[in-house]
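Student: Structure file structure-v7.cif (mmCIF, C-alpha atoms and all ligand atoms) right here:
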data_data
#
loop_
_atom_site.label_atom_id
_atom_site.label_comp_id
_atom_site.auth_asym_id
_atom_site.auth_seq_id
_atom_site.Cartn_x
_atom_site.Cartn_y
_atom_site.Cartn_z
CA MET A 1 0.00 0.00 0.00
CA TYR A 2 1.30 3.42 -0.94
CA ASP A 3 0.76 6.66 0.94
CA PHE A 4 0.12 8.54 -2.32
CA LEU A 5 -0.89 7.59 -5.83
CA ILE A 6 0.08 10.46 -8.08
CA VAL A 7 -1.73 10.49 -11.40
CA GLY A 8 0.42 12.42 -13.87
CA ALA A 9 4.22 12.68 -14.00
CA GLY A 10 4.10 16.34 -15.07
CA LEU A 11 5.56 19.16 -13.03
CA PHE A 12 2.78 19.22 -10.44
CA GLY A 13 2.90 15.48 -9.84
CA ALA A 14 6.70 15.43 -9.76
CA VAL A 15 7.09 18.31 -7.28
CA PHE A 16 4.43 16.81 -5.03
CA ALA A 17 5.97 13.33 -5.25
CA HIS A 18 9.42 14.72 -4.47
CA GLU A 19 8.24 16.57 -1.38
CA ALA A 20 6.18 13.61 -0.19
CA SER A 21 9.09 11.20 -0.56
CA LEU A 22 11.36 13.64 1.29
CA GLY A 23 8.74 13.47 4.04
CA GLY A 24 9.19 9.68 4.14
CA LYS A 25 6.00 8.86 2.20
CA ARG A 26 5.74 6.02 -0.29
CA CYS A 27 4.62 7.31 -3.67
CA LEU A 28 3.51 5.62 -6.87
CA VAL A 29 3.47 7.93 -9.89
CA ILE A 30 1.60 6.81 -13.00
CA ASP A 31 1.33 8.51 -16.38
CA LYS A 32 -0.56 7.47 -19.46
CA ARG A 33 2.21 8.82 -21.67
CA ASN A 34 5.34 6.74 -22.14
CA HIS A 35 7.56 9.43 -20.63
CA ILE A 36 7.76 11.62 -17.54
CA GLY A 37 7.61 15.43 -17.51
CA GLY A 38 4.13 16.07 -18.93
CA ASN A 39 4.27 19.00 -21.32
CA THR A 40 7.78 19.99 -20.28
CA TYR A 41 9.18 16.79 -21.84
CA CYS A 42 12.19 17.23 -24.14
CA GLU A 43 13.67 14.93 -26.78
CA ASP A 44 17.22 14.82 -28.10
CA VAL A 45 17.20 15.15 -31.90
CA GLU A 46 20.59 15.46 -33.62
CA GLY A 47 22.05 16.74 -30.34
CA VAL A 48 19.39 19.48 -30.10
CA THR A 49 17.09 19.55 -27.06
CA VAL A 50 13.61 19.68 -28.58
CA HIS A 51 10.65 20.88 -26.50
CA LYS A 52 8.19 18.25 -27.72
CA TYR A 53 5.02 19.99 -26.51
CA GLY A 54 5.84 23.56 -27.46
CA ALA A 55 8.42 26.10 -26.30
CA HIS A 56 8.86 26.08 -22.53
CA ILE A 57 10.66 29.11 -21.17
CA PHE A 58 11.04 29.25 -17.43
CA HIS A 59 10.33 32.67 -15.94
CA THR A 60 9.26 33.80 -12.51
CA ASP A 61 9.37 36.64 -10.05
CA ASN A 62 9.13 34.21 -7.17
CA LYS A 63 12.57 33.73 -5.60
CA THR A 64 11.52 30.67 -3.61
CA VAL A 65 10.41 28.89 -6.80
CA TRP A 66 13.53 30.02 -8.69
CA ASP A 67 15.83 28.74 -5.92
CA TYR A 68 13.83 25.52 -5.74
CA VAL A 69 14.01 24.71 -9.45
CA ASN A 70 17.72 25.59 -9.55
CA ARG A 71 18.34 22.72 -7.14
CA PHE A 72 17.55 20.32 -9.97
CA ALA A 73 19.31 21.93 -12.97
CA ASP A 74 21.59 24.73 -14.06
CA PHE A 75 19.77 27.40 -16.04
CA ASN A 76 21.23 29.41 -18.90
CA ARG A 77 20.70 33.12 -19.58
CA TYR A 78 18.11 32.65 -22.36
CA THR A 79 15.83 35.67 -22.65
CA ASN A 80 12.65 35.29 -24.63
CA SER A 81 12.59 37.90 -27.42
CA PRO A 82 10.11 36.60 -29.97
CA LEU A 83 9.57 38.07 -33.42
CA ALA A 84 6.35 38.45 -35.37
CA ASN A 85 6.29 37.78 -39.10
CA HIS A 86 3.44 39.57 -40.85
CA ASN A 87 3.39 39.11 -44.63
CA GLY A 88 7.16 38.66 -44.63
CA GLU A 89 7.90 41.74 -42.51
CA LEU A 90 9.49 41.18 -39.10
CA TYR A 91 8.46 43.01 -35.93
CA ASN A 92 9.83 42.74 -32.40
CA LEU A 93 7.62 41.51 -29.57
CA PRO A 94 6.38 42.41 -27.05
CA PHE A 95 5.13 45.71 -28.49
CA ASN A 96 7.95 48.10 -27.76
CA MET A 97 9.91 50.97 -29.31
CA ASN A 98 11.59 48.58 -31.79
CA THR A 99 8.12 47.49 -32.97
CA PHE A 100 6.93 51.09 -33.27
CA TYR A 101 10.07 52.13 -35.15
CA LYS A 102 9.43 49.34 -37.67
CA LEU A 103 5.69 50.13 -37.91
CA TRP A 104 5.84 53.90 -38.20
CA GLY A 105 9.50 54.96 -38.32
CA VAL A 106 9.12 56.80 -35.00
CA THR A 107 12.23 57.20 -32.85
CA THR A 108 10.81 58.71 -29.66
CA PRO A 109 8.34 57.37 -27.09
CA GLU A 110 6.34 60.58 -27.39
CA ALA A 111 5.80 60.09 -31.15
CA ALA A 112 4.79 56.44 -30.64
CA GLU A 113 2.37 57.29 -27.84
CA GLU A 114 0.82 59.98 -29.98
CA ILE A 115 0.09 57.52 -32.83
CA ILE A 116 -1.32 54.83 -30.53
CA GLU A 117 -3.50 57.38 -28.76
CA ARG A 118 -4.84 58.63 -32.11
CA GLN A 119 -5.68 55.09 -33.26
CA ARG A 120 -7.34 53.91 -30.08
CA ALA A 121 -11.11 53.97 -30.32
CA ILE A 122 -11.90 54.73 -26.72
CA ALA A 123 -14.60 52.17 -26.13
CA THR A 124 -15.98 52.34 -22.60
CA ALA A 125 -17.35 48.80 -22.69
CA PRO A 126 -15.73 46.79 -25.52
CA LYS A 127 -18.21 44.13 -26.67
CA ASN A 128 -15.68 41.75 -28.18
CA LEU A 129 -11.97 41.04 -28.46
CA GLU A 130 -11.57 43.21 -31.56
CA GLU A 131 -12.98 46.29 -29.83
CA GLN A 132 -11.00 45.52 -26.70
CA ALA A 133 -7.69 45.18 -28.59
CA ILE A 134 -8.24 48.37 -30.61
CA SER A 135 -9.14 50.26 -27.47
CA LEU A 136 -5.86 49.13 -25.90
CA VAL A 137 -3.30 49.44 -28.73
CA GLY A 138 -4.95 51.04 -31.76
CA THR A 139 -5.68 49.76 -35.25
CA ASP A 140 -2.21 49.15 -36.79
CA ILE A 141 -0.93 46.87 -34.04
CA TYR A 142 -4.28 45.11 -33.94
CA GLU A 143 -4.48 44.52 -37.71
CA LYS A 144 -0.86 43.44 -38.21
CA LEU A 145 0.14 41.72 -35.01
CA ILE A 146 -2.98 40.58 -33.14
CA LYS A 147 -5.94 39.86 -35.45
CA GLY A 148 -4.68 36.99 -37.66
CA TYR A 149 -2.72 35.31 -34.86
CA THR A 150 -5.62 35.40 -32.39
CA GLU A 151 -8.16 34.19 -34.96
CA LYS A 152 -5.94 31.22 -35.83
CA GLN A 153 -5.32 30.49 -32.16
CA TRP A 154 -9.00 30.44 -31.20
CA GLY A 155 -10.48 29.31 -34.53
CA ARG A 156 -12.95 32.20 -34.42
CA LYS A 157 -13.13 35.81 -35.59
CA CYS A 158 -11.92 38.39 -33.08
CA SER A 159 -15.30 40.10 -33.39
CA ASP A 160 -16.90 36.84 -32.15
CA LEU A 161 -14.48 36.32 -29.27
CA PRO A 162 -15.19 37.68 -25.79
CA ALA A 163 -13.28 40.81 -24.75
CA PHE A 164 -12.05 39.23 -21.50
CA ILE A 165 -9.49 37.04 -23.34
CA ILE A 166 -7.29 40.13 -23.62
CA ASN A 167 -7.32 41.98 -20.32
CA ARG A 168 -4.10 43.82 -20.92
CA LEU A 169 -1.80 44.25 -23.87
CA PRO A 170 1.48 45.42 -22.47
CA VAL A 171 2.96 48.27 -24.49
CA ARG A 172 6.51 49.31 -23.68
CA PHE A 173 7.90 52.68 -24.61
CA THR A 174 11.50 51.48 -24.30
CA PHE A 175 13.72 49.56 -26.72
CA ASP A 176 13.36 46.35 -24.69
CA ASN A 177 12.60 43.07 -26.49
CA ASN A 178 12.51 40.91 -23.35
CA TYR A 179 9.05 39.33 -23.46
CA PHE A 180 8.78 38.86 -19.71
CA ASN A 181 9.07 41.36 -16.88
CA ASP A 182 10.07 38.70 -14.36
CA ARG A 183 13.30 38.91 -12.41
CA TYR A 184 14.36 35.33 -13.22
CA GLN A 185 14.32 33.64 -16.63
CA GLY A 186 16.17 30.88 -18.45
CA ILE A 187 16.19 27.38 -19.91
CA PRO A 188 17.59 24.40 -17.98
CA ILE A 189 20.81 23.46 -19.77
CA GLY A 190 20.10 20.06 -21.35
CA GLY A 191 16.32 20.44 -20.99
CA TYR A 192 13.62 19.76 -18.40
CA ASN A 193 13.79 15.95 -18.17
CA GLN A 194 16.68 15.98 -15.68
CA ILE A 195 14.55 18.08 -13.29
CA ILE A 196 11.66 15.65 -13.32
CA GLU A 197 13.98 12.61 -13.18
CA LYS A 198 15.66 13.94 -10.04
CA MET A 199 12.33 14.81 -8.47
CA LEU A 200 11.04 11.27 -9.01
CA GLU A 201 14.22 9.48 -7.93
CA LYS A 202 12.73 8.04 -4.75
CA CYS A 203 9.31 7.13 -6.15
CA ASP A 204 7.91 4.16 -8.02
CA VAL A 205 6.99 5.26 -11.54
CA LYS A 206 4.78 3.41 -14.03
CA LEU A 207 4.54 4.87 -17.52
CA GLY A 208 2.06 4.04 -20.26
CA THR A 209 -0.48 3.57 -17.49
CA ASP A 210 -3.87 5.25 -17.65
CA PHE A 211 -5.63 5.71 -14.32
CA PHE A 212 -8.93 4.85 -15.99
CA SER A 213 -7.64 1.58 -17.40
CA ASP A 214 -8.03 0.06 -13.92
CA GLU A 215 -9.74 2.76 -11.92
CA SER A 216 -11.09 0.62 -9.10
CA ARG A 217 -7.64 -0.85 -8.41
CA TYR A 218 -5.88 2.50 -8.53
CA LYS A 219 -8.48 4.08 -6.26
CA HIS A 220 -7.48 1.63 -3.54
CA ILE A 221 -3.74 1.40 -4.06
CA ALA A 222 -2.88 4.35 -1.80
CA ASP A 223 -4.27 6.29 1.16
CA LYS A 224 -4.57 9.44 -0.95
CA ILE A 225 -4.62 10.28 -4.64
CA VAL A 226 -3.10 13.37 -6.20
CA TYR A 227 -4.85 13.65 -9.54
CA THR A 228 -3.47 15.95 -12.26
CA GLY A 229 -5.52 14.70 -15.21
CA MET A 230 -8.71 16.28 -16.55
CA ILE A 231 -11.20 16.90 -13.76
CA ASP A 232 -14.23 16.23 -15.99
CA GLU A 233 -12.79 12.89 -17.06
CA TYR A 234 -12.33 11.90 -13.40
CA PHE A 235 -16.08 12.32 -12.88
CA GLY A 236 -16.98 10.51 -16.11
CA TYR A 237 -17.99 13.80 -17.83
CA CYS A 238 -21.23 13.62 -15.82
CA HIS A 239 -21.78 17.38 -16.16
CA GLY A 240 -20.54 17.49 -19.75
CA GLU A 241 -17.14 18.15 -21.32
CA LEU A 242 -14.96 21.10 -20.49
CA GLU A 243 -13.61 22.72 -23.64
CA TYR A 244 -9.98 23.22 -24.61
CA ARG A 245 -7.99 24.47 -27.56
CA SER A 246 -5.52 21.98 -28.89
CA LEU A 247 -2.32 22.23 -30.91
CA SER A 248 -0.48 19.98 -33.27
CA PHE A 249 3.28 20.13 -33.38
CA GLU A 250 5.08 19.27 -36.62
CA PRO A 251 8.84 18.95 -36.13
CA GLU A 252 11.34 18.98 -39.00
CA THR A 253 15.08 18.38 -38.95
CA LEU A 254 16.82 20.64 -41.44
CA ASP A 255 20.27 20.30 -42.90
CA VAL A 256 21.13 23.93 -42.16
CA ARG A 257 22.89 25.48 -39.20
CA ASN A 258 20.48 28.33 -38.60
CA PHE A 259 16.98 28.51 -40.06
CA GLN A 260 15.39 31.65 -38.61
CA GLY A 261 17.98 33.18 -36.28
CA ASN A 262 15.64 33.18 -33.29
CA ALA A 263 13.98 30.57 -31.07
CA VAL A 264 10.42 31.87 -31.49
CA VAL A 265 8.83 33.49 -34.54
CA ASN A 266 5.07 34.12 -34.50
CA TYR A 267 3.21 34.18 -37.82
CA THR A 268 0.49 36.78 -37.51
CA SER A 269 -0.97 36.71 -41.04
CA ALA A 270 -4.29 34.85 -41.34
CA ASP A 271 -3.24 33.09 -44.56
CA VAL A 272 -0.29 31.25 -42.93
CA PRO A 273 -1.87 28.20 -41.23
CA TYR A 274 0.61 27.84 -38.37
CA THR A 275 0.96 30.30 -35.50
CA ARG A 276 4.61 29.82 -34.62
CA ILE A 277 7.86 28.27 -35.73
CA ILE A 278 10.16 27.26 -32.89
CA GLU A 279 13.86 26.72 -33.65
CA HIS A 280 14.94 24.76 -30.61
CA LYS A 281 18.74 25.11 -30.75
CA HIS A 282 18.47 28.84 -30.01
CA PHE A 283 17.10 28.09 -26.53
CA GLU A 284 20.60 26.83 -25.73
CA PHE A 285 22.73 28.90 -28.13
CA GLY A 286 23.36 25.65 -30.05
CA THR A 287 26.15 25.26 -32.57
CA GLN A 288 25.12 21.90 -34.07
CA ASP A 289 25.44 21.37 -37.85
CA LYS A 290 21.72 20.69 -38.22
CA THR A 291 18.70 22.41 -36.79
CA VAL A 292 15.26 21.27 -35.61
CA VAL A 293 12.18 23.44 -36.08
CA THR A 294 8.60 22.83 -34.98
CA TYR A 295 5.56 24.29 -36.71
CA GLU A 296 2.64 24.88 -34.33
CA TYR A 297 -0.87 24.49 -35.72
CA PRO A 298 -3.79 25.37 -33.45
CA SER A 299 -6.79 23.08 -33.61
CA GLU A 300 -10.15 22.31 -32.06
CA TRP A 301 -10.03 19.95 -29.11
CA VAL A 302 -12.05 16.76 -29.32
CA ARG A 303 -11.93 13.95 -26.80
CA GLY A 304 -8.74 11.98 -27.37
CA ASN A 305 -6.70 15.01 -28.50
CA GLU A 306 -4.21 16.64 -26.16
CA PRO A 307 -5.98 19.37 -24.19
CA TYR A 308 -3.66 22.39 -24.08
CA TYR A 309 -5.49 25.63 -23.36
CA PRO A 310 -8.64 25.66 -21.20
CA VAL A 311 -11.41 27.87 -22.58
CA ASN A 312 -12.28 29.67 -19.35
CA ASP A 313 -15.44 31.41 -20.57
CA GLU A 314 -18.66 31.69 -18.59
CA LYS A 315 -20.17 28.49 -19.99
CA ASN A 316 -17.13 26.33 -19.15
CA MET A 317 -16.56 27.94 -15.76
CA SER A 318 -20.14 27.15 -14.81
CA VAL A 319 -19.59 23.47 -15.75
CA TYR A 320 -16.26 23.52 -13.90
CA SER A 321 -17.92 24.81 -10.73
CA LYS A 322 -20.15 21.70 -10.75
CA TYR A 323 -17.07 19.47 -10.94
CA LEU A 324 -15.51 21.50 -8.15
CA ASP A 325 -18.51 20.68 -5.93
CA LEU A 326 -17.98 16.99 -6.67
CA ALA A 327 -14.23 17.33 -6.02
CA ASP A 328 -14.96 18.81 -2.56
CA LYS A 329 -16.73 15.58 -1.66
CA GLU A 330 -13.80 13.34 -2.72
CA LYS A 331 -12.01 13.54 0.61
CA ASN A 332 -9.03 11.39 -0.37
CA VAL A 333 -8.38 12.98 -3.74
CA ILE A 334 -6.45 16.17 -4.34
CA PHE A 335 -6.95 17.80 -7.74
CA GLY A 336 -3.89 19.71 -8.88
CA GLY A 337 -2.06 21.13 -11.88
CA ARG A 338 -3.45 22.68 -15.01
CA LEU A 339 -5.90 19.89 -15.98
CA GLY A 340 -7.01 19.09 -12.43
CA THR A 341 -7.94 22.73 -11.79
CA TYR A 342 -8.89 23.73 -15.37
CA ARG A 343 -6.58 26.74 -15.57
CA TYR A 344 -3.69 27.83 -17.75
CA LEU A 345 -0.74 27.86 -15.38
CA ASP A 346 2.87 28.76 -16.03
CA MET A 347 5.48 26.36 -14.70
CA TRP A 348 6.42 28.54 -11.75
CA GLN A 349 2.78 28.65 -10.63
CA VAL A 350 2.51 24.87 -10.86
CA ILE A 351 5.63 24.48 -8.70
CA ALA A 352 4.39 27.05 -6.18
CA GLU A 353 0.99 25.35 -5.91
CA ALA A 354 2.47 21.84 -5.65
CA LEU A 355 4.78 23.01 -2.84
CA ILE A 356 1.86 24.54 -0.93
CA CYS A 357 -0.19 21.39 -1.51
CA ALA A 358 2.60 19.13 -0.25
CA ASP A 359 3.07 21.37 2.76
CA LEU A 360 -0.61 21.01 3.67
CA VAL A 361 -1.00 17.32 2.97
CA VAL A 362 2.32 15.66 3.83
CA SER A 363 2.64 15.55 7.58
P1 LIG B 1 1.03 18.40 -17.42
O1 LIG B 1 2.40 18.78 -17.79
O2 LIG B 1 0.00 18.39 -18.49
O3 LIG B 1 1.08 16.94 -16.77
C1 LIG B 1 -0.09 16.18 -16.53
C2 LIG B 1 0.25 14.73 -16.80
O4 LIG B 1 -0.87 13.91 -16.41
C3 LIG B 1 0.49 14.42 -18.28
O5 LIG B 1 1.77 13.85 -18.44
C4 LIG B 1 -0.61 13.45 -18.65
O6 LIG B 1 -0.19 12.47 -19.58
C5 LIG B 1 -0.95 12.83 -17.31
N1 LIG B 1 -2.31 12.29 -17.26
C6 LIG B 1 -3.46 12.94 -17.57
N2 LIG B 1 -4.50 12.10 -17.42
C7 LIG B 1 -4.00 10.91 -16.99
C8 LIG B 1 -4.58 9.66 -16.68
N3 LIG B 1 -5.89 9.45 -16.80
N4 LIG B 1 -3.78 8.66 -16.27
C9 LIG B 1 -2.43 8.82 -16.20
N5 LIG B 1 -1.84 10.00 -16.49
C10 LIG B 1 -2.61 11.02 -16.88
N6 LIG B 1 4.81 27.46 -18.91
C11 LIG B 1 5.84 28.31 -18.69
O7 LIG B 1 6.14 28.64 -17.53
N7 LIG B 1 6.59 28.80 -19.74
C12 LIG B 1 6.31 28.48 -21.04
O8 LIG B 1 7.00 28.95 -21.95
C13 LIG B 1 5.22 27.60 -21.29
N8 LIG B 1 4.91 27.26 -22.55
C14 LIG B 1 3.86 26.41 -22.78
C15 LIG B 1 3.54 26.08 -24.09
C16 LIG B 1 2.46 25.25 -24.35
C17 LIG B 1 2.13 24.90 -25.76
C18 LIG B 1 1.67 24.75 -23.27
C19 LIG B 1 0.48 23.89 -23.53
C20 LIG B 1 2.00 25.07 -21.96
C21 LIG B 1 3.08 25.91 -21.70
N9 LIG B 1 3.45 26.23 -20.40
C22 LIG B 1 4.48 27.09 -20.17
C23 LIG B 1 2.71 25.69 -19.24
C24 LIG B 1 3.34 24.40 -18.69
O9 LIG B 1 3.31 23.40 -19.68
C25 LIG B 1 2.53 23.95 -17.47
O10 LIG B 1 2.60 24.93 -16.47
C26 LIG B 1 3.00 22.64 -16.83
O11 LIG B 1 3.52 21.73 -17.73
C27 LIG B 1 1.82 22.03 -16.14
O12 LIG B 1 2.21 20.90 -15.38
P2 LIG B 1 1.10 19.88 -14.91
O13 LIG B 1 1.79 18.84 -14.13
O14 LIG B 1 -0.03 20.60 -14.27
O15 LIG B 1 0.46 19.30 -16.27
#
In structure tokens, what does this structure look like?
Ligand code: FAD
Tutor:
Amino acid sequence: MYDFLIVGAGLFGAVFAHEASLGGKRCLVIDKRNHIGGNTYCEDVEGVTVHKYGAHIFHTDNKTVWDYVNRFADFNRYTNSPLANHNGELYNLPFNMNTFYKLWGVTTPEAAEEIIERQRAIATAPKNLEEQAISLVGTDIYEKLIKGYTEKQWGRKCSDLPAFIINRLPVRFTFDNNYFNDRYQGIPIGGYNQIIEKMLEKCDVKLGTDFFSDESRYKHIADKIVYTGMIDEYFGYCHGELEYRSLSFEPETLDVRNFQGNAVVNYTSADVPYTRIIEHKHFEFGTQDKTVVTYEYPSEWVRGNEPYYPVNDEKNMSVYSKYLDLADKEKNVIFGGRLGTYRYLDMWQVIAEALICADLVVS
């Protein structure tokens, strides 16, 4: 008999399992995939560390989390400075003075502010994402850098998307291409797998094992379950399915040293079907002879696909609240991580929440 069955060998499950085993608890970790790490999993292709489930850049303002994760790997100085390609023209992201210089030829913050101010339609209550975006950054930035990308990402027109999806659109009036404002940022040298491997060192791990393949057995294999799969699936979808957006990743190995000169390039034109091309070697300043790129195509989620982004609109949140009521009644089950709590969470948040959870539960 185990103290904990942990369903999911992603970051939440691994941090929890690590803390529990440090506390002397016996843990069994299962994952339906044939590898550990959840969406942080990396593969070695031609000596390049490839982020199999999309670019994962670690960033946080939380010193405790930063110190914690640095116990498991050395991080490099990678700084995320993505580019946007719109009809073959390149723009710096996030929207900053370099972007405005390219858009309008302006060289001073005052001139950029003046143009944005002129283009903003000051809508007091934007009815949809299009109105919201224009009210925040004006028409040029919206048309060239937001509209096509967002419509591909969500599979719907911006005028049919709710305004709340974009609460803020950070605009920087400095020549600063660093995407994040956080104090700490980087990529673990050699990828994320080593972190998860070290975290799970003292646990039993069974891969290729779906909790639902033998639910009644797994429900009685441990005193408590930490469940990081989809909460609606746990309850047999009894209140209906929660919706997600999905992605498909199409990797290619190319016989060139340097394909696009940057790790992340967003494609913001509507007529290009993918949203991003990731060139993985640039996460680690790679010098290999070949390069590996991944094209990201957004797609609808249907049961069986990988669920990536929860659609936290009113309809889904109302369904989720019903599952939350059921979860409250499952006294021996803790729902954690992005699928267990139906939220988009960055890695640092997952670590912070798993540490708090372990602190409360492991005595
Ligand atoms: P997951 O990593 O999804 O792990 C859950 C695990 O549970 C999976 O391995 C799954 O196979 C397993 N599982 C589910 N159901 C079952 C079952 N029935 N039985 C057995 N196992 C099951 N965060 C950042 O901080 N920076 C980034 O740059 C970043 N980029 C991202 C890009 C993309 C495309 C996506 C989707 C996410 C990104 N994230 C990023 C978020 C990051 O991936 C998450 O914060 C983190 O991986 C969540 O960890 P988790 O353990 O909650 O979930």
Student: Using 5 Å of padding on each side, determine the axis-aligned box around all atoms of ligand LIG 1 (chain B) present in the file and give its centre and edge lengths in Å to one decimal, as JSON.
Tutor:
{"center_x": 0.6, "center_y": 18.8, "center_z": -19.9, "size_x": 22.9, "size_y": 30.3, "size_z": 21.6}
Student: For a test of reading the model, state the distance in Å between CA of Tyr308 in chain A and CA of Leu5 in chain A, rounded to one decimal.
Tutor: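 That distance, rounded to one decimal, is 23.7 Å.
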Student: For range 7-12 of chain A, list every protein, DNA or RNA residue within 8 Å, evaluated using all atoms listed in the file, and leave out those in the same chain fewer than 6 positions away; present the list as a PDB file with C-alpha atoms, in the coordinates of the input.
Tutor:
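Done, and the output landed in part14.pdb:
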ATOM      1  CA  VAL A  29       3.470   7.930  -9.890  1.00  0.00           C
ATOM      2  CA  ILE A  30       1.600   6.810 -13.000  1.00  0.00           C
ATOM      3  CA  ASP A  31       1.330   8.510 -16.380  1.00  0.00           C
ATOM      4  CA  LYS A  32      -0.560   7.470 -19.460  1.00  0.00           C
ATOM      5  CA  ILE A  36       7.760  11.620 -17.540  1.00  0.00           C
ATOM      6  CA  GLY A  37       7.610  15.430 -17.510  1.00  0.00           C
ATOM      7  CA  GLY A  38       4.130  16.070 -18.930  1.00  0.00           C
ATOM      8  CA  ASN A  39       4.270  19.000 -21.320  1.00  0.00           C
ATOM      9  CA  THR A  40       7.780  19.990 -20.280  1.00  0.00           C
ATOM     10  CA  ILE A 196      11.660  15.650 -13.320  1.00  0.00           C
ATOM     11  CA  PHE A 211      -5.630   5.710 -14.320  1.00  0.00           C
ATOM     12  CA  ILE A 225      -4.620  10.280  -4.640  1.00  0.00           C
ATOM     13  CA  VAL A 226      -3.100  13.370  -6.200  1.00  0.00           C
ATOM     14  CA  TYR A 227      -4.850  13.650  -9.540  1.00  0.00           C
ATOM     15  CA  THR A 228      -3.470  15.950 -12.260  1.00  0.00           C
ATOM     16  CA  GLY A 229      -5.520  14.700 -15.210  1.00  0.00           C
ATOM     17  CA  GLY A 336      -3.890  19.710  -8.880  1.00  0.00           C
ATOM     18  CA  GLY A 337      -2.060  21.130 -11.880  1.00  0.00           C
ATOM     19  CA  MET A 347       5.480  26.360 -14.700  1.00  0.00           C
ATOM     20  CA  VAL A 350       2.510  24.870 -10.860  1.00  0.00           C
ATOM     21  CA  ILE A 351       5.630  24.480  -8.700  1.00  0.00           C
ATOM     22  CA  GLU A 353       0.990  25.350  -5.910  1.00  0.00           C
ATOM     23  CA  ALA A 354       2.470  21.840  -5.650  1.00  0.00           C
TER      24      ALA A 354
END
Student: Go through A:Leu254, A:Leu145, A:Val264, A:Ile6 one by one, measure the shortest atom-to-atom distance of each to Ser21 in chain A using all atoms listed in the file, and give the residue with the smallest value.
Tutor: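 Smallest distance to Ser21 in chain A is found for A:Ile6.
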Student: Name the closest residue to ligand LIG 1 (chain B) among the candidates A:Arg338, A:Arg343, A:Arg245, A:Arg71; distances are taken between atoms, counting only C-alpha atoms and all ligand atoms.
Tutor: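 The shortest atom-to-atom distance to ligand LIG 1 (chain B) comes from A:Arg338.
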